[in-house]
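Text of coords-v1.txt, listed as compact mmCIF, C-alpha atoms:
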# COMPACT_ATOMS: atom_id res chain seq x y z
CA ILE A 1 107.55 100.24 90.95
CA ASN A 2 107.15 98.53 87.58
CA MET A 3 110.82 99.20 86.76
CA MET A 4 111.87 97.88 90.17
CA LEU A 5 109.86 94.66 89.89
CA ARG A 6 111.18 94.01 86.40
CA PHE A 7 114.73 94.57 87.61
CA PHE A 8 114.16 91.89 90.25
CA LYS A 9 113.25 89.64 87.27
CA LYS A 10 109.56 89.54 88.01
CA ARG A 11 107.23 89.26 85.03
CA VAL A 12 104.77 92.14 85.21
CA ILE A 13 101.76 92.71 82.99
CA PHE A 14 99.61 95.86 83.15
CA LEU A 15 95.99 95.69 82.02
CA LYS A 16 95.31 99.42 81.90
CA ASN A 17 91.68 99.11 80.77
CA LYS A 18 90.96 97.03 83.87
CA ASN A 19 93.30 98.90 86.24
CA THR A 20 94.90 95.54 86.94
CA ILE A 21 98.49 94.42 87.37
CA LYS A 22 99.59 90.79 87.16
CA ILE A 23 102.86 89.78 88.82
CA TYR A 24 104.35 86.39 88.11
CA ASN A 25 106.89 84.70 90.35
CA SER A 26 110.34 83.84 89.07
CA LYS A 27 112.74 81.08 90.11
CA LYS A 28 115.69 83.40 89.62
CA ILE A 29 115.46 86.76 91.30
CA ARG A 30 117.93 89.54 91.91
CA THR A 31 118.50 90.58 95.50
CA TYR A 32 120.29 93.75 94.44
CA LEU A 33 118.70 97.16 93.92
CA PRO A 34 120.87 99.79 92.19
CA TYR A 35 120.95 103.51 92.87
CA SER A 36 119.56 104.21 89.38
CA ILE A 37 116.23 102.81 90.61
CA SER A 38 116.26 103.54 94.34
CA LYS A 39 117.04 107.24 93.81
CA THR A 40 113.62 107.80 92.25
CA MET A 41 111.50 106.41 95.07
CA ARG A 42 111.93 106.41 98.82
CA GLY A 43 109.58 103.45 99.06
CA SER A 44 112.31 101.27 97.54
CA ILE A 45 113.69 100.74 101.07
CA ILE A 46 110.66 98.56 101.82
CA CYS A 47 112.13 95.91 99.51
CA LEU A 48 114.94 95.38 102.01
CA GLY A 49 112.96 93.54 104.69
CA GLY A 50 111.19 91.24 102.25
CA LEU A 51 114.36 90.30 100.36
CA VAL A 52 116.37 89.54 103.50
CA SER A 53 113.50 87.63 105.07
CA LYS A 54 112.91 85.41 102.04
CA TYR A 55 116.37 85.08 100.50
CA GLY A 56 118.66 85.80 103.44
CA LYS A 57 120.50 88.62 101.72
CA ALA A 58 120.05 91.93 99.95
CA ILE A 59 122.10 94.82 98.60
CA SER A 60 120.15 98.04 98.32
CA ALA A 61 121.19 101.58 97.51
CA TYR A 62 120.07 104.27 99.91
CA PRO A 63 116.62 105.46 98.78
CA GLY A 64 115.89 108.80 97.14
CA GLY A 65 112.46 110.17 96.21
CA CYS A 66 110.92 113.57 96.84
CA ALA A 67 113.04 116.41 98.18
CA ILE A 68 111.02 117.05 101.33
CA GLY A 69 113.71 117.27 103.95
CA THR A 70 115.63 114.78 106.05
CA ARG A 71 114.05 111.33 106.08
CA PRO A 72 116.46 108.88 107.71
CA ILE A 73 115.97 105.11 107.44
CA ASN A 74 117.40 104.31 110.87
CA TYR A 75 114.00 103.10 112.14
CA HIS A 76 113.97 100.50 109.35
CA LEU A 77 117.53 99.33 109.95
CA ASP A 78 117.34 99.29 113.75
CA ALA A 79 114.15 97.23 113.75
CA LEU A 80 115.37 94.77 111.09
CA LYS A 81 118.55 94.34 113.12
CA LYS A 82 116.41 93.22 116.06
CA LEU A 83 114.99 90.50 113.80
CA GLY A 84 118.52 89.27 113.17
CA MET A 85 119.54 91.18 110.06
CA LYS A 86 123.23 92.09 109.91
CA TYR A 87 124.30 94.93 107.69
CA GLU A 88 127.06 97.32 106.76
CA ILE A 89 126.94 100.46 104.67
CA LYS A 90 129.52 100.96 101.93
CA LYS A 91 129.56 103.66 99.25
CA GLY A 92 125.87 104.46 99.64
CA TYR A 93 124.72 100.84 99.63
CA ILE A 94 123.24 98.69 102.40
CA TYR A 95 124.76 95.19 102.41
CA ALA A 96 122.37 93.07 104.47
CA THR A 97 122.41 89.38 105.42
CA ALA A 98 120.48 86.91 107.56
CA LYS A 99 122.15 83.57 106.88
CA ASN A 100 119.79 81.57 109.06
CA GLY A 101 116.76 83.71 108.30
CA LEU A 102 115.11 86.36 110.41
CA LYS A 103 113.76 85.52 113.87
CA GLY A 104 110.74 87.03 115.60
CA ASN A 105 111.21 89.57 118.36
CA ASN A 106 109.38 92.24 120.35
CA ILE A 107 110.02 95.65 118.81
CA LYS A 108 108.77 99.09 119.79
CA PHE A 109 109.35 101.86 117.28
CA LYS A 110 110.88 104.99 118.83
CA LYS A 111 108.72 107.09 116.54
CA ILE A 112 105.66 106.28 114.47
CA SER A 113 106.84 105.57 110.92
CA VAL A 114 104.66 104.41 108.04
CA GLY A 115 107.52 102.99 105.98
CA ALA A 116 109.25 101.23 108.88
CA THR A 117 105.95 99.69 109.99
CA GLU A 118 105.34 98.35 106.47
CA ASN A 119 108.91 97.08 106.13
CA LEU A 120 108.80 95.16 109.41
CA ILE A 121 105.35 93.68 108.79
CA ILE A 122 106.55 92.29 105.46
CA ALA A 123 109.82 91.01 106.92
CA ALA A 124 108.19 89.42 109.98
CA SER A 125 105.62 87.60 107.85
CA LEU A 126 108.34 85.14 106.74
CA ALA A 127 110.50 85.29 109.88
CA LYS A 128 110.75 82.36 112.26
CA GLY A 129 108.53 82.62 115.32
CA LYS A 130 106.44 85.45 116.73
CA THR A 131 107.03 89.17 116.24
CA ILE A 132 105.18 91.87 118.12
CA LEU A 133 105.48 95.42 116.76
CA LYS A 134 104.47 98.31 119.01
CA ASN A 135 103.91 102.01 118.31
CA CYS A 136 103.03 101.17 114.71
CA ALA A 137 101.63 103.55 112.15
CA ILE A 138 97.95 102.70 111.53
CA GLU A 139 97.30 104.47 108.23
CA PRO A 140 94.56 102.73 106.19
CA GLU A 141 97.20 101.66 103.66
CA ILE A 142 98.97 99.66 106.39
CA LYS A 143 95.73 97.93 107.36
CA ASP A 144 95.23 97.20 103.65
CA LEU A 145 98.74 95.73 103.49
CA THR A 146 98.05 93.42 106.44
CA ASN A 147 94.75 92.37 104.84
CA PHE A 148 96.61 91.58 101.61
CA LEU A 149 99.31 89.57 103.36
CA SER A 150 96.74 87.72 105.47
CA SER A 151 94.86 86.80 102.30
CA ALA A 152 98.14 85.42 100.92
CA GLY A 153 98.60 83.22 103.98
CA ALA A 154 100.42 85.42 106.48
CA ASN A 155 99.49 85.14 110.16
CA ILE A 156 98.89 88.72 111.24
CA LYS A 157 96.66 90.02 114.02
CA TRP A 158 96.19 93.52 115.43
CA ILE A 159 96.16 93.13 119.23
CA GLY A 160 96.02 96.82 120.13
CA LYS A 161 95.48 100.21 118.51
CA ARG A 162 99.13 100.46 117.46
CA THR A 163 100.29 96.91 118.20
CA VAL A 164 100.41 94.04 115.71
CA GLN A 165 101.34 90.40 116.23
CA ILE A 166 102.89 88.42 113.39
CA ILE A 167 103.66 84.69 113.47
CA GLY A 168 105.98 83.85 110.61
CA VAL A 169 104.97 81.37 107.91
CA GLN A 170 107.20 79.46 105.47
CA LYS A 171 105.70 80.89 102.31
CA LEU A 172 102.87 82.99 100.88
CA LYS A 173 100.44 81.95 98.16
CA SER A 174 99.31 83.72 95.01
CA ILE A 175 96.00 85.59 95.26
CA ASN A 176 93.74 88.11 93.56
CA TYR A 177 93.38 91.30 95.58
CA THR A 178 91.70 94.68 95.13
CA VAL A 179 93.76 97.52 96.57
CA MET A 180 91.92 100.24 98.47
CA GLY A 181 91.27 103.60 96.84
CA ASP A 182 93.92 106.33 97.14
CA ARG A 183 92.91 108.61 100.02
CA ILE A 184 95.55 111.25 99.16
CA GLU A 185 94.33 111.51 95.58
CA THR A 186 90.78 111.66 96.93
CA GLY A 187 91.77 114.45 99.32
CA THR A 188 93.56 116.31 96.53
CA MET A 189 90.51 116.14 94.26
CA ALA A 190 88.23 117.23 97.11
CA ILE A 191 90.43 120.28 97.76
CA ALA A 192 90.45 121.00 94.02
CA ALA A 193 86.63 121.03 94.06
CA ALA A 194 86.67 123.43 97.00
CA ILE A 195 89.24 125.81 95.51
CA THR A 196 87.36 126.05 92.20
CA GLY A 197 83.89 126.24 93.75
CA GLY A 198 82.95 123.23 91.66
CA THR A 199 80.79 120.17 92.12
CA LEU A 200 82.42 116.77 92.27
CA LYS A 201 81.40 113.18 92.96
CA ILE A 202 84.13 110.78 94.02
CA LYS A 203 83.60 107.01 94.09
CA GLY A 204 85.65 104.11 95.34
CA LEU A 205 86.79 105.17 98.81
CA ASP A 206 85.19 104.77 102.22
CA PRO A 207 84.49 108.37 103.37
CA LYS A 208 85.28 107.39 106.97
CA ILE A 209 88.95 107.10 105.98
CA ILE A 210 89.16 110.85 105.24
CA ASN A 211 86.58 112.00 107.76
CA THR A 212 89.04 114.45 109.35
CA GLU A 213 89.79 116.09 106.01
CA LEU A 214 86.12 116.28 104.99
CA ASN A 215 85.17 117.93 108.29
CA LEU A 216 87.92 120.48 107.75
CA LEU A 217 86.65 121.18 104.23
CA LYS A 218 83.18 121.77 105.66
CA LYS A 219 84.67 124.54 107.80
CA THR A 220 85.86 126.28 104.64
CA GLY A 221 82.24 126.46 103.49
CA ALA A 222 82.14 123.36 101.28
CA LYS A 223 78.96 121.31 101.33
CA ILE A 224 79.65 117.61 101.56
CA LYS A 225 77.41 114.56 101.48
CA VAL A 226 78.69 111.02 101.90
CA SER A 227 77.31 107.54 101.39
CA LYS A 228 78.90 104.11 101.02
CA ASN A 229 82.12 104.58 99.01
CA LYS A 230 80.87 107.90 97.62
CA ILE A 231 81.62 111.55 98.38
CA HIS A 232 79.67 114.49 96.90
CA ILE A 233 81.30 117.92 97.24
CA ASN A 234 80.01 121.40 96.40
CA GLY A 235 82.75 124.01 96.67
CA PRO A 236 81.98 127.29 98.49
CA GLU A 237 81.45 130.62 96.73
CA LYS A 238 83.97 132.16 99.10
CA ILE A 239 86.50 130.06 100.96
CA LYS A 240 86.65 130.61 104.72
CA SER A 241 90.11 130.53 106.25
CA ILE A 242 90.99 128.00 108.94
CA LYS A 243 93.18 129.57 111.59
CA ASN A 244 95.22 126.56 112.57
CA ILE A 245 95.84 123.37 110.59
CA LYS A 246 98.28 120.74 111.88
CA THR A 247 99.44 117.59 110.15
CA LYS A 248 99.60 114.47 112.27
CA GLU A 249 99.74 110.69 111.99
CA PHE A 250 96.45 109.03 111.01
CA PRO A 251 93.67 109.79 111.80
CA GLY A 252 94.99 113.36 111.69
CA ILE A 253 95.55 115.55 108.63
CA PRO A 254 98.21 113.78 106.51
CA THR A 255 101.42 115.58 105.62
CA ASP A 256 100.77 114.50 102.03
CA LEU A 257 97.88 117.00 101.89
CA GLN A 258 99.72 119.88 103.53
CA ALA A 259 100.74 121.52 100.24
CA GLN A 260 97.21 121.26 98.84
CA TRP A 261 95.76 122.86 101.99
CA ILE A 262 98.20 125.77 101.65
CA ALA A 263 97.06 126.27 98.05
CA LEU A 264 93.43 126.33 99.21
CA MET A 265 94.13 128.76 102.04
CA SER A 266 96.03 131.06 99.66
CA ILE A 267 92.71 132.38 98.31
CA ALA A 268 90.69 132.04 101.51
CA ASN A 269 89.03 134.97 103.24
CA GLY A 270 91.48 135.65 106.06
CA ALA A 271 94.73 134.33 107.49
CA SER A 272 95.75 130.75 108.18
CA LYS A 273 98.57 128.85 109.81
CA ILE A 274 99.55 125.39 108.60
CA THR A 275 102.01 123.42 110.73
CA ASP A 276 103.65 120.22 109.50
CA ASN A 277 104.47 117.99 112.45
CA ILE A 278 105.72 115.13 110.25
CA TYR A 279 108.27 116.79 107.92
CA HIS A 280 109.47 120.05 109.36
CA ASP A 281 110.86 121.58 106.16
CA ARG A 282 108.37 120.39 103.56
CA PHE A 283 107.64 123.81 102.10
CA SER A 284 109.40 123.93 98.73
CA HIS A 285 106.02 124.69 97.11
CA VAL A 286 105.65 127.94 99.06
CA PRO A 287 107.95 130.14 96.90
CA GLU A 288 106.30 128.69 93.79
CA LEU A 289 102.80 129.50 95.07
CA ASN A 290 104.07 133.00 95.86
CA ARG A 291 105.11 133.30 92.22
CA LEU A 292 101.41 132.86 91.45
CA GLY A 293 100.58 135.80 93.72
CA ALA A 294 100.03 134.02 97.02
CA GLU A 295 101.20 135.69 100.24
CA ILE A 296 102.87 132.97 102.28
CA THR A 297 105.75 133.04 104.73
CA THR A 298 107.33 130.21 106.68
CA ASP A 299 108.94 129.91 110.08
CA LYS A 300 110.39 126.58 111.24
CA ASN A 301 107.70 123.97 110.50
CA SER A 302 104.81 126.39 109.96
CA ALA A 303 103.48 128.31 106.98
CA PHE A 304 101.54 131.55 107.47
CA VAL A 305 99.08 132.31 104.71
CA LYS A 306 97.30 135.58 104.05
CA GLY A 307 94.45 134.92 101.66
CA VAL A 308 94.39 136.94 98.43
CA ASN A 309 91.52 137.61 96.05
CA GLN A 310 93.17 136.24 92.93
CA LEU A 311 96.15 134.13 91.89
CA LYS A 312 97.83 134.92 88.58
CA GLY A 313 99.37 132.47 86.15
CA ALA A 314 103.16 132.19 86.00
CA GLN A 315 105.97 129.77 85.32
CA VAL A 316 106.56 127.55 88.35
CA MET A 317 108.61 124.47 89.15
CA SER A 318 107.62 121.29 90.95
CA THR A 319 109.91 119.68 93.55
CA ASP A 320 107.91 116.68 94.75
CA ILE A 321 104.65 114.79 94.25
CA ARG A 322 102.42 116.82 96.54
CA ALA A 323 104.05 120.14 95.66
CA SER A 324 103.13 119.30 92.06
CA ALA A 325 99.52 118.70 93.06
CA SER A 326 99.33 121.99 94.94
CA LEU A 327 100.61 123.89 91.90
CA VAL A 328 98.14 122.14 89.61
CA ILE A 329 95.11 123.00 91.74
CA ALA A 330 96.39 126.54 92.25
CA GLY A 331 96.81 126.83 88.47
CA LEU A 332 93.17 125.79 88.01
CA ILE A 333 91.99 129.05 89.58
CA ALA A 334 94.89 131.35 88.65
CA LYS A 335 94.10 134.06 86.09
CA GLY A 336 95.84 133.36 82.82
CA ARG A 337 98.25 130.57 81.98
CA THR A 338 100.33 128.60 84.48
CA ASP A 339 103.24 126.48 83.28
CA ILE A 340 104.51 123.81 85.68
CA SER A 341 107.89 122.23 84.93
CA ARG A 342 109.39 118.99 86.26
CA ILE A 343 105.98 117.33 86.37
CA TYR A 344 107.55 113.87 86.31
CA HIS A 345 107.18 114.07 90.09
CA ILE A 346 103.40 114.07 89.95
CA ASP A 347 103.20 110.88 87.90
CA ARG A 348 104.55 108.92 90.87
CA GLY A 349 101.48 109.80 92.92
CA TYR A 350 98.68 110.51 90.45
CA GLU A 351 97.66 108.49 87.42
CA CYS A 352 96.80 110.62 84.37
CA ILE A 353 95.94 113.64 86.52
CA GLU A 354 95.52 115.96 83.54
CA GLU A 355 93.02 113.61 81.92
CA LYS A 356 90.94 113.47 85.08
CA PHE A 357 90.84 117.26 85.35
CA GLN A 358 90.06 117.54 81.64
CA SER A 359 87.02 115.31 82.19
CA LEU A 360 85.88 117.82 84.82
CA GLY A 361 86.16 120.74 82.42
CA ALA A 362 89.63 122.07 83.27
CA LYS A 363 91.82 123.55 80.55
CA ILE A 364 94.94 121.54 81.25
CA TYR A 365 97.29 119.63 78.99
CA ARG A 366 100.76 118.13 79.06
CA GLU A 367 103.72 119.28 77.01
CA LYS A 368 106.90 117.31 76.45
CA GLU A 369 109.74 118.64 78.57

Using structure tokens, write down the structure that the file contains.
Amino acid sequence: INMMLRFFKKRVIFLKNKNTIKIYNSKKIRTYLPYSISKTMRGSIICLGGLVSKYGKAISAYPGGCAIGTRPINYHLDALKKLGMKYEIKKGYIYATAKNGLKGNNIKFKKISVGATENLIIAASLAKGKTILKNCAIEPEIKDLTNFLSSAGANIKWIGKRTVQIIGVQKLKSINYTVMGDRIETGTMAIAAAITGGTLKIKGLDPKIINTELNLLKKTGAKIKVSKNKIHINGPEKIKSIKNIKTKEFPGIPTDLQAQWIALMSIANGASKITDNIYHDRFSHVPELNRLGAEITTDKNSAFVKGVNQLKGAQVMSTDIRASASLVIAGLIAKGRTDISRIYHIDRGYECIEEKFQSLGAKIYREKE
């Protein structure tokens, strides 16, 4: 993200000791995003709506990111087209224009999509007139995005569970804003506490946001207490298997915790089935977990896990952010040494993950690849 913002000619300053980022506006900005940047992050497609809405044009390479199966961007393009964006695709690039700006419209997404919902909310905030988006994703991060934009002067109102109304404004103002805590990192750390049988206190996230995940962890035998923005977890002595876990749009189990759940169930007492209803072939971590001694098979969009008593360290390879996390937490309880290669994936979703686990007593360190 930092590289992308700088490429757009934004001035970006990171204050690491305060976990703060300052972004300064620029009179001259690029409306072109090259493949060298977009290939590293699928989220780069979300720049498209904002650029076209504000500047009337954009050229963006098709996004890349984690190798977790087919993830088309047709929901983004179809919806932006309904706001008046014209585009053509040439040599892997999207050439988009809206000479007279985008115009509000009524849009119903054919399928719930987090990225498309975010893209259209951003684009509609500066479009002319009223936009109503139906069948929206309602993940907490999207509500946080609308809160951020509203604070900056956008006119956004949720008028139904999955329906949002946006009346376009001419410009947004600069603000100070505190981003919500990362619920996927919180879920990952909670699963890590459960798999190791450890004790962990997590601060900075409303427990209600991951209530579904916490209730599922309780079924594995974990003891959990919650208070305002705090979660206290005691991992079980023996992990109980959960027969049937299914990922689903919020408030269901997120697909971004599927790999971590499989790692947990790999040493549970009994058999489990984990079905991913969001990405049907997001199981590249399964053969790597099997290299650690897990007994996992897959069929279509489900993984079948037979819990084993002990995982054993081995050399494994990461393929995406969450696969990386699953291998790390599996390595925490594997006997012997586990070496995980291609860990550059994990840095896109977890800040200094090895340092956080070191502070909890884990023997983990990073080597240069």

May I have the centre and edge lengths, in Å to one decimal, of an axis-aligned box around the listed atoms of segment 170-174 of chain A with 6 Å added to every side, as JSON?
{"center_x": 103.3, "center_y": 81.6, "center_z": 100.2, "size_x": 19.9, "size_y": 16.3, "size_z": 22.5}

Using all atoms listed in the file, find each residue of segment 176-206 of chain A with at least one atom at most 10 Å away from an atom of segment 222-233 of chain A; report its shortest atom-to-atom pair and that distance in Å (one decimal), sort the rows by chain and rising residue number, and return the result as a Markdown table.
| residue | atom | partner | partner_atom | distance |
| --- | --- | --- | --- | --- |
| A:Gly181 | CA | A:Asn229 | CA | 9.5 |
| A:Thr186 | CA | A:Ile231 | CA | 9.3 |
| A:Met189 | CA | A:Ile233 | CA | 9.8 |
| A:Ala190 | CA | A:Ile233 | CA | 7.0 |
| A:Ile191 | CA | A:Ile233 | CA | 9.4 |
| A:Ala193 | CA | A:Ile233 | CA | 6.9 |
| A:Ala194 | CA | A:Ala222 | CA | 6.2 |
| A:Ile195 | CA | A:Ala222 | CA | 9.5 |
| A:Gly197 | CA | A:Ala222 | CA | 8.2 |
| A:Gly198 | CA | A:Ile233 | CA | 7.9 |
| A:Thr199 | CA | A:Ile233 | CA | 5.6 |
| A:Leu200 | CA | A:Ile233 | CA | 5.2 |
| A:Lys201 | CA | A:His232 | CA | 4.5 |
| A:Ile202 | CA | A:Ile231 | CA | 5.1 |
| A:Lys203 | CA | A:Lys230 | CA | 4.6 |
| A:Gly204 | CA | A:Asn229 | CA | 5.1 |
| A:Leu205 | CA | A:Asn229 | CA | 4.7 |
| A:Asp206 | CA | A:Asn229 | CA | 4.4 |

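For the pair atom CA of Leu327 of chain A and atom CA of Asp281 of chain A, the separation is 17.7 Å.
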
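With all atoms listed in the file taken into account, the protein and nucleic acid residues at most 6 Å from segment 218-221 of chain A (excluding it and anything under 5 positions from it in its own chain) are Pro236, Ile239 and Lys240 of chain A.
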
Could you name the residues that touch segment 303-320 of chain A at 6 Å or less, counting all atoms listed in the file, but leaving out those on the same chain fewer than 2 positions away, as an mmCIF file with C-alpha atoms, in the frame of the given file?
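Result file follows (result16.cif):
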data_model
loop_
_atom_site.group_PDB
_atom_site.id
_atom_site.type_symbol
_atom_site.label_atom_id
_atom_site.label_comp_id
_atom_site.auth_asym_id
_atom_site.auth_seq_id
_atom_site.Cartn_x
_atom_site.Cartn_y
_atom_site.Cartn_z
ATOM 1 C CA CYS A 66 110.920 113.570 96.840
ATOM 2 C CA SER A 266 96.030 131.060 99.660
ATOM 3 C CA ILE A 267 92.710 132.380 98.310
ATOM 4 C CA ALA A 268 90.690 132.040 101.510
ATOM 5 C CA ASN A 269 89.030 134.970 103.240
ATOM 6 C CA GLY A 270 91.480 135.650 106.060
ATOM 7 C CA ALA A 271 94.730 134.330 107.490
ATOM 8 C CA SER A 272 95.750 130.750 108.180
ATOM 9 C CA LYS A 273 98.570 128.850 109.810
ATOM 10 C CA ILE A 274 99.550 125.390 108.600
ATOM 11 C CA GLU A 288 106.300 128.690 93.790
ATOM 12 C CA LEU A 292 101.410 132.860 91.450
ATOM 13 C CA GLY A 293 100.580 135.800 93.720
ATOM 14 C CA GLU A 295 101.200 135.690 100.240
ATOM 15 C CA ILE A 296 102.870 132.970 102.280
ATOM 16 C CA THR A 297 105.750 133.040 104.730
ATOM 17 C CA THR A 298 107.330 130.210 106.680
ATOM 18 C CA ARG A 322 102.420 116.820 96.540
ATOM 19 C CA ALA A 323 104.050 120.140 95.660
ATOM 20 C CA SER A 324 103.130 119.300 92.060
ATOM 21 C CA ALA A 334 94.890 131.350 88.650
ATOM 22 C CA LYS A 335 94.100 134.060 86.090
ATOM 23 C CA GLY A 336 95.840 133.360 82.820
ATOM 24 C CA ARG A 337 98.250 130.570 81.980
ATOM 25 C CA THR A 338 100.330 128.600 84.480
ATOM 26 C CA ASP A 339 103.240 126.480 83.280
ATOM 27 C CA ILE A 340 104.510 123.810 85.680
ATOM 28 C CA SER A 341 107.890 122.230 84.930
ATOM 29 C CA ARG A 342 109.390 118.990 86.260
ATOM 30 C CA HIS A 345 107.180 114.070 90.090
#

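In terms of minimum interatomic distance to Ser113 of chain A, A:Lys248 ranks closest within A:Lys248, A:Leu217, A:Lys81, A:Glu237, counting all atoms listed in the file.
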
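Atom CA of Leu48 of chain A sits 13.4 Å away from atom CA of Gly101 of chain A.
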
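Across A:Lys90, A:Lys82, A:Lys356, A:Lys28, the tightest approach to Leu120 of chain A is made by A:Lys82 when counting all atoms listed in the file.
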
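Nearest to Pro254 of chain A of all the residues A:Gly331, A:Gly235, A:Gly153, A:Pro140 is A:Pro140, based on all atoms listed in the file.
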
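Of the listed residues (A:Ile209, A:Leu332, A:Leu360, A:Leu83), A:Leu83 comes nearest to Leu133 of chain A; the distances count all atoms listed in the file.
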
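For the pair atom CA of Lys246 of chain A and atom CA of Thr275 of chain A, the separation is 4.7 Å.
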